[in-house]
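Notes follow the structure.
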Amino acid sequence: MNRIYLDNACTTFPKPAAVPDAMSDFIKNHGVNINRGSYSPAYDMEELVYNTRRWLSELFCFPDCKNVIFTQNITMSLNMVIKGLFGAGDHILVSSMEHNAVMRPLVQLQHHGLTFDRIPCTADGSLIPGAAEKLLRPNTKAVIMTHASNVCGTMMPLADVGAFCRNHGLLFIVDSAQTAGVIPIDMAAMAIDVLCFTGHKGLLGPQGIGGFLVTDAVASQMEPLISGGTGSVSHLEEMPDFLPDRFEAGTMNLPGIVGLHAALSYIKTIGIDAIREKEMALTEQFLTGIADISTITIAGKTNLDHRTAVVSVTSHTMDNSEVAVRLEEEYGILTRVGLHCAPSAHKTMGTFPSGTVRFSFGHMNTPEEIETAITALHDICM
């Protein structure tokens with residue numbers, strides 16, 4: 001039985017062939033560190049890291065690549081930003097569709113005097129227009145918001161929220177885990193102050209590499225969450241005051257950056273528009289194909305309007321876990337079942353605590369695989 005991987009919202013698979021090839025070549029034939037070695041292989045690697053920052057700044061329409069900070073993943077990025085900027089007495093707004101990568105740091109800080117409110121969303125995950133205005137307080141400092149739900153794929157109106165933040169003097173921090181590499185993001189046009197990203201989803205890179213892009217004004221307000229060696233100004237025991245060094249203590253994940261560099265090169269060649277067009281075609285095929293199954297409900301939007309290639313369903317006749325197990329055992333289809341680290345989203349959509357079976361399509365999937373998934377759901381659920 002062939003395996004059909006439909007869990008790309010968790011991590012994309014397979015990766016472009018150039019990704020593992022580049023990582024293997026680095027480990028076998030190069031293996032140097034950067035900022036620590038005064039020899040040509042280290043300088044060559046520094047150039048690759050610089051170019052990776054430059055490509056990311058171009059991808060997100062950001063003017064200065066020194067403001068691209070590498071971390072191990074987007075959860076680390078969000079923690080560094082949230083805990084580096086906010087504390088007791090601050091008030092934050094989030095959407096009710098947020099992932100625990102946002103909610104858990106906020107709840108942790110809530111125990112130390114931070115407060116937050118959730119901007120309500122509709123049952124399909126759409127932000128309710130005008131709802132944020134009613135939640136503003138004199139001590140509101142920022143809006144932190146996902147670009148698209150990892151549960152149902154519904155996208156948030158970033159440009160509108162960015163304008164709202166500018167009008168009220170708020171910082172705008174965006175979680176792009178589900179959209180970077182698939183949906184165009186223009187930080188300037190959307191008034192985004194900090195954009196957090198991960199390499200292993202839509203950017204098609206390996207696990208263990210992520211980061212954030214931050215404006216100079218915001219960076220100057222942030223306290224580093226992690227301190228240590230950077231290879232720069234080593235005569236001082238204070239962290240450097242310049243970027244990216246201020247937020248990049250310790251040895252970097254260079255194999256991960258090499259893999260991300262190869263993935264970005266692939267994306268630049270294929271084009272984001274082409275990647276999104278294919279993913280949306282697969283999503284439309286799936287939504288159309290399961291529309292007549294009366295024993296399941298699609299959680300979220302049932303059309304292609306303002307969504308990504310993530311589709312969640314709930315079964316009326318059996319436990320969702322049983323559906324997921326049968327999909328794998330009988331058809332080789334790999335999905336994700338449960339709450340997807342986003343209980344707030346499921347409460348908004350009315351799918352808490354049972355969760356959903358999530359299908360998430362990627363650039364490497366085929367129409368034939370989608371047709372098999374449609375047939376499987378008909379056989380299991382009809």
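Residue names in the structure tokens use chain letters A, B, ... in the order shown, residue numbers from 1 in each chain, and ligand numbers from 1 in the order shown.
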Pull the helix (DSSP H, G or I) assignments for range 86-171 of chain A out of DSSP run on the backbone, and list those residues as a list in words. Asn100, Ala101, Val102, Met103, Arg104, Pro105, Leu106, Val107, Gln108, Leu109, Gln110, Ala132, Glu133, Lys134, Leu135, Leu158, Ala159, Asp160, Val161, Gly162, Ala163, Phe164, Cys165, Arg166, Asn167 and His168 of chain A
Can you list, as a VMD selection string, every protein, DNA or RNA residue that comes within 7 Å of range 329-341 of chain A when you count only C-alpha atoms, leaving out same-chain residues fewer than 4 positions away? chain A and resid 1 to 7 99 to 100 151 320 to 321 324 to 325 346 354 to 359 376
Could you pull out all residues of range 66-252 of chain A with a DSSP call of strand (DSSP E or B) and give them as a VMD selection string? chain A and resid 68 to 71 91 to 95 115 to 119 121 127 140 to 146 148 154 to 155 171 to 175 194 to 198 210 to 214
Name the residues in contact with range 314-319 of chain A at a cut-off of 6 Å, using only C-alpha atoms, excluding same-chain residues fewer than 5 positions from it; report them as a ChimeraX atom specification. /A:295-297,356
Got a sec: who's within 12 Å of Met239 in chain A, counting only C-alpha atoms, leaving out chain neighbours fewer than 4 positions off, as a PDB file with all heavy atoms, in the first residue's frame?
ATOM      1  N   GLU A 223      13.972  42.648  25.039  1.00  0.00           N
ATOM      2  CA  GLU A 223      15.042  42.056  25.827  1.00  0.00           C
ATOM      3  C   GLU A 223      15.332  40.660  25.273  1.00  0.00           C
ATOM      4  O   GLU A 223      14.395  39.901  25.005  1.00  0.00           O
ATOM      5  CB  GLU A 223      14.638  41.945  27.291  1.00  0.00           C
ATOM      6  CG  GLU A 223      14.738  43.243  28.067  1.00  0.00           C
ATOM      7  CD  GLU A 223      16.173  43.745  28.165  1.00  0.00           C
ATOM      8  OE1 GLU A 223      17.088  42.932  28.408  1.00  0.00           O
ATOM      9  OE2 GLU A 223      16.367  44.966  27.982  1.00  0.00           O
ATOM     10  N   PRO A 224      16.590  40.301  25.075  1.00  0.00           N
ATOM     11  CA  PRO A 224      16.893  38.946  24.596  1.00  0.00           C
ATOM     12  C   PRO A 224      16.432  37.892  25.598  1.00  0.00           C
ATOM     13  O   PRO A 224      16.681  38.017  26.800  1.00  0.00           O
ATOM     14  CB  PRO A 224      18.420  38.952  24.475  1.00  0.00           C
ATOM     15  CG  PRO A 224      18.804  40.388  24.369  1.00  0.00           C
ATOM     16  CD  PRO A 224      17.797  41.129  25.201  1.00  0.00           C
ATOM     17  N   LEU A 225      15.730  36.879  25.113  1.00  0.00           N
ATOM     18  CA  LEU A 225      15.290  35.793  25.981  1.00  0.00           C
ATOM     19  C   LEU A 225      16.459  34.879  26.329  1.00  0.00           C
ATOM     20  O   LEU A 225      16.519  34.301  27.416  1.00  0.00           O
ATOM     21  CB  LEU A 225      14.178  34.989  25.293  1.00  0.00           C
ATOM     22  CG  LEU A 225      13.530  33.870  26.088  1.00  0.00           C
ATOM     23  CD1 LEU A 225      12.790  34.416  27.288  1.00  0.00           C
ATOM     24  CD2 LEU A 225      12.580  33.053  25.214  1.00  0.00           C
ATOM     25  N   ILE A 226      17.406  34.738  25.398  1.00  0.00           N
ATOM     26  CA  ILE A 226      18.562  33.863  25.580  1.00  0.00           C
ATOM     27  C   ILE A 226      19.824  34.695  25.374  1.00  0.00           C
ATOM     28  O   ILE A 226      19.921  35.449  24.397  1.00  0.00           O
ATOM     29  CB  ILE A 226      18.532  32.685  24.592  1.00  0.00           C
ATOM     30  CG1 ILE A 226      17.259  31.860  24.809  1.00  0.00           C
ATOM     31  CG2 ILE A 226      19.776  31.812  24.737  1.00  0.00           C
ATOM     32  CD1 ILE A 226      17.034  30.791  23.769  1.00  0.00           C
ATOM     33  N   SER A 227      20.778  34.530  26.279  1.00  0.00           N
ATOM     34  CA  SER A 227      22.032  35.261  26.180  1.00  0.00           C
ATOM     35  C   SER A 227      23.186  34.277  26.061  1.00  0.00           C
ATOM     36  O   SER A 227      23.093  33.129  26.516  1.00  0.00           O
ATOM     37  CB  SER A 227      22.242  36.153  27.407  1.00  0.00           C
ATOM     38  OG  SER A 227      21.189  37.078  27.544  1.00  0.00           O
ATOM     39  N   GLY A 228      24.275  34.743  25.456  1.00  0.00           N
ATOM     40  CA  GLY A 228      25.447  33.880  25.341  1.00  0.00           C
ATOM     41  C   GLY A 228      26.383  34.368  24.267  1.00  0.00           C
ATOM     42  O   GLY A 228      26.297  35.510  23.808  1.00  0.00           O
ATOM     43  N   GLY A 229      27.239  33.471  23.830  1.00  0.00           N
ATOM     44  CA  GLY A 229      28.230  33.830  22.830  1.00  0.00           C
ATOM     45  C   GLY A 229      27.626  34.055  21.466  1.00  0.00           C
ATOM     46  O   GLY A 229      26.700  33.350  21.054  1.00  0.00           O
ATOM     47  N   THR A 230      28.149  35.061  20.774  1.00  0.00           N
ATOM     48  CA  THR A 230      27.711  35.355  19.409  1.00  0.00           C
ATOM     49  C   THR A 230      28.876  35.395  18.428  1.00  0.00           C
ATOM     50  O   THR A 230      28.659  35.486  17.224  1.00  0.00           O
ATOM     51  CB  THR A 230      26.993  36.722  19.352  1.00  0.00           C
ATOM     52  OG1 THR A 230      27.906  37.737  19.782  1.00  0.00           O
ATOM     53  CG2 THR A 230      25.766  36.730  20.268  1.00  0.00           C
ATOM     54  N   GLY A 231      30.095  35.340  18.958  1.00  0.00           N
ATOM     55  CA  GLY A 231      31.264  35.488  18.105  1.00  0.00           C
ATOM     56  C   GLY A 231      31.599  36.937  17.813  1.00  0.00           C
ATOM     57  O   GLY A 231      32.557  37.222  17.089  1.00  0.00           O
ATOM     58  N   SER A 232      30.812  37.863  18.355  1.00  0.00           N
ATOM     59  CA  SER A 232      31.043  39.290  18.119  1.00  0.00           C
ATOM     60  C   SER A 232      31.195  40.005  19.460  1.00  0.00           C
ATOM     61  O   SER A 232      30.673  39.530  20.481  1.00  0.00           O
ATOM     62  CB  SER A 232      29.884  39.901  17.326  1.00  0.00           C
ATOM     63  OG  SER A 232      28.645  39.707  18.015  1.00  0.00           O
ATOM     64  N   VAL A 233      31.900  41.117  19.455  1.00  0.00           N
ATOM     65  CA  VAL A 233      32.216  41.917  20.658  1.00  0.00           C
ATOM     66  C   VAL A 233      32.476  41.013  21.873  1.00  0.00           C
ATOM     67  O   VAL A 233      31.906  41.210  22.954  1.00  0.00           O
ATOM     68  CB  VAL A 233      31.113  42.961  20.968  1.00  0.00           C
ATOM     69  CG1 VAL A 233      31.077  44.030  19.887  1.00  0.00           C
ATOM     70  CG2 VAL A 233      29.729  42.319  21.095  1.00  0.00           C
ATOM     71  N   SER A 234      33.332  40.027  21.660  1.00  0.00           N
ATOM     72  CA  SER A 234      33.560  39.011  22.685  1.00  0.00           C
ATOM     73  C   SER A 234      34.267  39.540  23.927  1.00  0.00           C
ATOM     74  O   SER A 234      34.350  38.839  24.940  1.00  0.00           O
ATOM     75  CB  SER A 234      34.375  37.855  22.094  1.00  0.00           C
ATOM     76  OG  SER A 234      33.634  37.183  21.102  1.00  0.00           O
ATOM     77  N   HIS A 235      34.767  40.768  23.873  1.00  0.00           N
ATOM     78  CA  HIS A 235      35.397  41.349  25.058  1.00  0.00           C
ATOM     79  C   HIS A 235      34.374  41.851  26.073  1.00  0.00           C
ATOM     80  O   HIS A 235      34.733  42.207  27.194  1.00  0.00           O
ATOM     81  CB  HIS A 235      36.314  42.510  24.645  1.00  0.00           C
ATOM     82  CG  HIS A 235      35.596  43.655  23.996  1.00  0.00           C
ATOM     83  ND1 HIS A 235      35.012  43.561  22.753  1.00  0.00           N
ATOM     84  CD2 HIS A 235      35.340  44.930  24.438  1.00  0.00           C
ATOM     85  CE1 HIS A 235      34.453  44.722  22.432  1.00  0.00           C
ATOM     86  NE2 HIS A 235      34.640  45.560  23.440  1.00  0.00           N
ATOM     87  N   LEU A 243      21.765  44.056  15.465  1.00  0.00           N
ATOM     88  CA  LEU A 243      21.135  42.877  14.861  1.00  0.00           C
ATOM     89  C   LEU A 243      22.033  42.301  13.768  1.00  0.00           C
ATOM     90  O   LEU A 243      22.772  43.020  13.133  1.00  0.00           O
ATOM     91  CB  LEU A 243      19.789  43.268  14.259  1.00  0.00           C
ATOM     92  CG  LEU A 243      18.764  43.878  15.223  1.00  0.00           C
ATOM     93  CD1 LEU A 243      17.478  44.222  14.480  1.00  0.00           C
ATOM     94  CD2 LEU A 243      18.469  42.955  16.385  1.00  0.00           C
ATOM     95  N   PRO A 244      21.920  40.973  13.569  1.00  0.00           N
ATOM     96  CA  PRO A 244      21.044  40.001  14.240  1.00  0.00           C
ATOM     97  C   PRO A 244      21.611  39.444  15.541  1.00  0.00           C
ATOM     98  O   PRO A 244      20.947  38.697  16.250  1.00  0.00           O
ATOM     99  CB  PRO A 244      20.910  38.897  13.200  1.00  0.00           C
ATOM    100  CG  PRO A 244      22.249  38.902  12.505  1.00  0.00           C
ATOM    101  CD  PRO A 244      22.662  40.359  12.446  1.00  0.00           C
ATOM    102  N   ASP A 245      22.872  39.825  15.849  1.00  0.00           N
ATOM    103  CA  ASP A 245      23.587  39.189  16.959  1.00  0.00           C
ATOM    104  C   ASP A 245      22.832  39.276  18.291  1.00  0.00           C
ATOM    105  O   ASP A 245      22.916  38.362  19.117  1.00  0.00           O
ATOM    106  CB  ASP A 245      24.966  39.820  17.116  1.00  0.00           C
ATOM    107  CG  ASP A 245      25.822  39.677  15.866  1.00  0.00           C
ATOM    108  OD1 ASP A 245      25.279  39.888  14.757  1.00  0.00           O
ATOM    109  OD2 ASP A 245      27.019  39.371  15.991  1.00  0.00           O
ATOM    110  N   ARG A 246      22.103  40.371  18.507  1.00  0.00           N
ATOM    111  CA  ARG A 246      21.448  40.580  19.800  1.00  0.00           C
ATOM    112  C   ARG A 246      20.526  39.425  20.169  1.00  0.00           C
ATOM    113  O   ARG A 246      20.340  39.120  21.365  1.00  0.00           O
ATOM    114  CB  ARG A 246      20.672  41.897  19.780  1.00  0.00           C
ATOM    115  CG  ARG A 246      19.979  42.225  21.099  1.00  0.00           C
ATOM    116  CD  ARG A 246      19.555  43.684  21.169  1.00  0.00           C
ATOM    117  NE  ARG A 246      18.801  43.990  22.370  1.00  0.00           N
ATOM    118  CZ  ARG A 246      19.335  44.129  23.585  1.00  0.00           C
ATOM    119  NH1 ARG A 246      20.624  43.974  23.748  1.00  0.00           N
ATOM    120  NH2 ARG A 246      18.577  44.416  24.633  1.00  0.00           N
ATOM    121  N   PHE A 247      19.946  38.761  19.167  1.00  0.00           N
ATOM    122  CA  PHE A 247      18.968  37.703  19.437  1.00  0.00           C
ATOM    123  C   PHE A 247      19.413  36.332  18.917  1.00  0.00           C
ATOM    124  O   PHE A 247      18.589  35.428  18.798  1.00  0.00           O
ATOM    125  CB  PHE A 247      17.623  38.076  18.818  1.00  0.00           C
ATOM    126  CG  PHE A 247      17.076  39.386  19.323  1.00  0.00           C
ATOM    127  CD1 PHE A 247      17.003  40.494  18.501  1.00  0.00           C
ATOM    128  CD2 PHE A 247      16.667  39.518  20.639  1.00  0.00           C
ATOM    129  CE1 PHE A 247      16.512  41.707  18.960  1.00  0.00           C
ATOM    130  CE2 PHE A 247      16.170  40.720  21.121  1.00  0.00           C
ATOM    131  CZ  PHE A 247      16.095  41.821  20.282  1.00  0.00           C
ATOM    132  N   GLU A 248      20.696  36.172  18.629  1.00  0.00           N
ATOM    133  CA  GLU A 248      21.178  34.900  18.094  1.00  0.00           C
ATOM    134  C   GLU A 248      22.355  34.361  18.914  1.00  0.00           C
ATOM    135  O   GLU A 248      23.450  34.129  18.408  1.00  0.00           O
ATOM    136  CB  GLU A 248      21.583  35.047  16.625  1.00  0.00           C
ATOM    137  CG  GLU A 248      20.407  35.218  15.690  1.00  0.00           C
ATOM    138  CD  GLU A 248      20.769  35.234  14.220  1.00  0.00           C
ATOM    139  OE1 GLU A 248      21.970  35.380  13.889  1.00  0.00           O
ATOM    140  OE2 GLU A 248      19.863  35.124  13.383  1.00  0.00           O
ATOM    141  N   ALA A 249      22.135  34.155  20.181  1.00  0.00           N
ATOM    142  CA  ALA A 249      23.175  33.618  21.061  1.00  0.00           C
ATOM    143  C   ALA A 249      23.364  32.124  20.811  1.00  0.00           C
ATOM    144  O   ALA A 249      22.405  31.384  20.595  1.00  0.00           O
ATOM    145  CB  ALA A 249      22.802  33.856  22.521  1.00  0.00           C
ATOM    146  N   GLY A 250      24.604  31.693  20.857  1.00  0.00           N
ATOM    147  CA  GLY A 250      24.904  30.271  20.736  1.00  0.00           C
ATOM    148  C   GLY A 250      25.110  29.822  19.304  1.00  0.00           C
ATOM    149  O   GLY A 250      24.941  30.581  18.348  1.00  0.00           O
TER     150      GLY A 250
END
Counting only C-alpha atoms, what is within 12 Å of Met103 in chain A, bar same-chain residues fewer than 6 positions away, as a PyMOL selection string? chain A and resi 75+78-79+82+92-97+109-110+115-118+144-146+175+341-345
Selection above as a file: N, CA, C and O atoms, as an mmCIF file, in the first residue's frame:
data_model
loop_
_atom_site.group_PDB
_atom_site.id
_atom_site.type_symbol
_atom_site.label_atom_id
_atom_site.label_comp_id
_atom_site.auth_asym_id
_atom_site.auth_seq_id
_atom_site.Cartn_x
_atom_site.Cartn_y
_atom_site.Cartn_z
ATOM 1 N N THR A 75 7.659 28.606 17.357
ATOM 2 C CA THR A 75 7.304 28.671 18.771
ATOM 3 C C THR A 75 8.376 29.412 19.559
ATOM 4 O O THR A 75 8.065 30.255 20.419
ATOM 5 N N LEU A 78 8.035 33.159 18.675
ATOM 6 C CA LEU A 78 6.934 33.829 19.368
ATOM 7 C C LEU A 78 7.245 34.026 20.849
ATOM 8 O O LEU A 78 6.935 35.062 21.432
ATOM 9 N N ASN A 79 7.863 33.043 21.469
ATOM 10 C CA ASN A 79 8.256 33.191 22.863
ATOM 11 C C ASN A 79 9.266 34.305 23.048
ATOM 12 O O ASN A 79 9.170 35.111 23.978
ATOM 13 N N ILE A 82 7.264 37.689 22.429
ATOM 14 C CA ILE A 82 6.252 37.993 23.442
ATOM 15 C C ILE A 82 6.906 38.266 24.795
ATOM 16 O O ILE A 82 6.608 39.266 25.468
ATOM 17 N N ILE A 92 -2.898 42.610 25.830
ATOM 18 C CA ILE A 92 -2.687 42.141 24.465
ATOM 19 C C ILE A 92 -4.016 41.678 23.872
ATOM 20 O O ILE A 92 -4.864 41.126 24.581
ATOM 21 N N LEU A 93 -4.190 41.877 22.572
ATOM 22 C CA LEU A 93 -5.332 41.325 21.848
ATOM 23 C C LEU A 93 -4.856 40.196 20.932
ATOM 24 O O LEU A 93 -3.818 40.321 20.273
ATOM 25 N N VAL A 94 -5.612 39.107 20.907
ATOM 26 C CA VAL A 94 -5.362 37.989 19.996
ATOM 27 C C VAL A 94 -6.687 37.600 19.365
ATOM 28 O O VAL A 94 -7.754 37.992 19.848
ATOM 29 N N SER A 95 -6.631 36.818 18.310
ATOM 30 C CA SER A 95 -7.881 36.279 17.771
ATOM 31 C C SER A 95 -8.272 35.044 18.570
ATOM 32 O O SER A 95 -7.443 34.451 19.272
ATOM 33 N N SER A 96 -9.519 34.645 18.445
ATOM 34 C CA SER A 96 -9.963 33.441 19.145
ATOM 35 C C SER A 96 -9.561 32.176 18.399
ATOM 36 O O SER A 96 -9.917 31.071 18.826
ATOM 37 N N MET A 97 -8.787 32.318 17.317
ATOM 38 C CA MET A 97 -8.371 31.175 16.506
ATOM 39 C C MET A 97 -6.891 30.837 16.696
ATOM 40 O O MET A 97 -6.314 30.086 15.907
ATOM 41 N N LEU A 109 2.532 34.348 30.990
ATOM 42 C CA LEU A 109 2.748 35.720 31.454
ATOM 43 C C LEU A 109 1.555 36.259 32.240
ATOM 44 O O LEU A 109 1.701 37.162 33.066
ATOM 45 N N GLN A 110 0.378 35.684 31.986
ATOM 46 C CA GLN A 110 -0.819 36.098 32.726
ATOM 47 C C GLN A 110 -0.631 35.859 34.228
ATOM 48 O O GLN A 110 -1.147 36.623 35.050
ATOM 49 N N THR A 115 -2.377 40.784 30.869
ATOM 50 C CA THR A 115 -3.754 40.415 30.549
ATOM 51 C C THR A 115 -3.937 40.379 29.038
ATOM 52 O O THR A 115 -3.181 41.015 28.296
ATOM 53 N N PHE A 116 -4.926 39.620 28.590
ATOM 54 C CA PHE A 116 -5.224 39.562 27.162
ATOM 55 C C PHE A 116 -6.699 39.297 26.945
ATOM 56 O O PHE A 116 -7.383 38.759 27.817
ATOM 57 N N ASP A 117 -7.174 39.687 25.770
ATOM 58 C CA ASP A 117 -8.535 39.378 25.337
ATOM 59 C C ASP A 117 -8.495 38.765 23.957
ATOM 60 O O ASP A 117 -7.609 39.069 23.145
ATOM 61 N N ARG A 118 -9.478 37.913 23.699
ATOM 62 C CA ARG A 118 -9.592 37.258 22.396
ATOM 63 C C ARG A 118 -10.609 38.004 21.543
ATOM 64 O O ARG A 118 -11.757 38.178 21.939
ATOM 65 N N ILE A 144 -1.572 40.255 18.480
ATOM 66 C CA ILE A 144 -0.801 39.091 18.035
ATOM 67 C C ILE A 144 -1.784 38.168 17.344
ATOM 68 O O ILE A 144 -2.789 37.767 17.933
ATOM 69 N N MET A 145 -1.505 37.811 16.092
ATOM 70 C CA MET A 145 -2.525 37.112 15.310
ATOM 71 C C MET A 145 -1.913 36.143 14.303
ATOM 72 O O MET A 145 -0.899 36.443 13.667
ATOM 73 N N THR A 146 -2.543 34.984 14.184
ATOM 74 C CA THR A 146 -2.183 34.052 13.129
ATOM 75 C C THR A 146 -2.631 34.600 11.782
ATOM 76 O O THR A 146 -3.626 35.324 11.696
ATOM 77 N N ASP A 175 1.856 35.530 13.298
ATOM 78 C CA ASP A 175 2.259 34.127 13.236
ATOM 79 C C ASP A 175 1.958 33.638 11.814
ATOM 80 O O ASP A 175 0.801 33.474 11.433
ATOM 81 N N CYS A 341 -3.308 21.360 18.744
ATOM 82 C CA CYS A 341 -2.642 22.388 19.577
ATOM 83 C C CYS A 341 -3.356 23.733 19.486
ATOM 84 O O CYS A 341 -2.721 24.786 19.627
ATOM 85 N N ALA A 342 -4.657 23.716 19.246
ATOM 86 C CA ALA A 342 -5.403 24.970 19.095
ATOM 87 C C ALA A 342 -6.784 24.851 19.724
ATOM 88 O O ALA A 342 -7.803 24.973 19.041
ATOM 89 N N PRO A 343 -6.867 24.654 21.052
ATOM 90 C CA PRO A 343 -8.180 24.497 21.681
ATOM 91 C C PRO A 343 -9.067 25.725 21.540
ATOM 92 O O PRO A 343 -10.289 25.596 21.434
ATOM 93 N N SER A 344 -8.461 26.911 21.536
ATOM 94 C CA SER A 344 -9.268 28.126 21.390
ATOM 95 C C SER A 344 -9.981 28.141 20.042
ATOM 96 O O SER A 344 -11.153 28.539 19.954
ATOM 97 N N ALA A 345 -9.293 27.700 18.998
ATOM 98 C CA ALA A 345 -9.914 27.645 17.675
ATOM 99 C C ALA A 345 -11.077 26.660 17.660
ATOM 100 O O ALA A 345 -12.155 26.939 17.106
#
Compile the contact shell of range 277-284 of chain A as a ChimeraX atom specification: residues with an atom at most 12 Å away, counting only C-alpha atoms, same-chain residues fewer than 2 positions apart removed. /A:6,8-9,152-153,179,181-183,202,270-275,286-291,301-312,359-371,373-374
Wanna dump the range 211-311 of chain A-range 41-62 of chain A contacts at 9 Å for me, each residue with its shortest atom pair and the distance in Å to one decimal, counting only C-alpha atoms, ordered by chain and number, as a tab-separated table?
residue	atom	partner	partner_atom	distance
A:Leu213	CA	A:Ser57	CA	7.7
A:Thr215	CA	A:Phe62	CA	8.8
A:Leu254	CA	A:Val49	CA	8.1
A:Ile257	CA	A:Val49	CA	6.8
A:Val258	CA	A:Leu48	CA	7.5
A:Leu260	CA	A:Thr52	CA	7.6
A:His261	CA	A:Thr52	CA	5.4
A:Leu264	CA	A:Trp55	CA	7.3
A:Ser265	CA	A:Trp55	CA	8.6
A:Lys268	CA	A:Trp55	CA	9.0
Selection from above, C-alpha atoms, as an mmCIF file, in the first residue's frame, can you write it?
data_model
loop_
_atom_site.group_PDB
_atom_site.id
_atom_site.type_symbol
_atom_site.label_atom_id
_atom_site.label_comp_id
_atom_site.auth_asym_id
_atom_site.auth_seq_id
_atom_site.Cartn_x
_atom_site.Cartn_y
_atom_site.Cartn_z
ATOM 1 C CA LEU A 213 11.728 39.621 11.128
ATOM 2 C CA THR A 215 11.690 46.403 12.803
ATOM 3 C CA LEU A 254 23.643 25.758 10.108
ATOM 4 C CA ILE A 257 19.802 27.144 7.390
ATOM 5 C CA VAL A 258 21.523 25.353 4.508
ATOM 6 C CA LEU A 260 16.167 26.374 4.192
ATOM 7 C CA HIS A 261 18.399 28.140 1.676
ATOM 8 C CA LEU A 264 13.921 29.048 -0.741
ATOM 9 C CA SER A 265 15.819 28.590 -3.987
ATOM 10 C CA LYS A 268 11.974 31.215 -6.052
#
So, with only C-alpha atoms as the atoms that count, which of A:Ala159, A:Gly205, A:Glu133, A:Ser220 lies closest to Pro240 in chain A? A:Ser220
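CA of Gly113 in chain A is found 6.8 Å from CA of Gly87 in chain A.
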For Thr154 in chain A, which of A:Ala17, A:Ala180, A:Ala262, A:Ala123 is the closest residue, counting only C-alpha atoms?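 Under the stated criterion, the closest residue is A:Ala123.
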What does the distance between CA of Met382 in chain A and CA of Gly300 in chain A come to in Å, to one decimal place?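 Those two atoms sit 20.7 Å apart.
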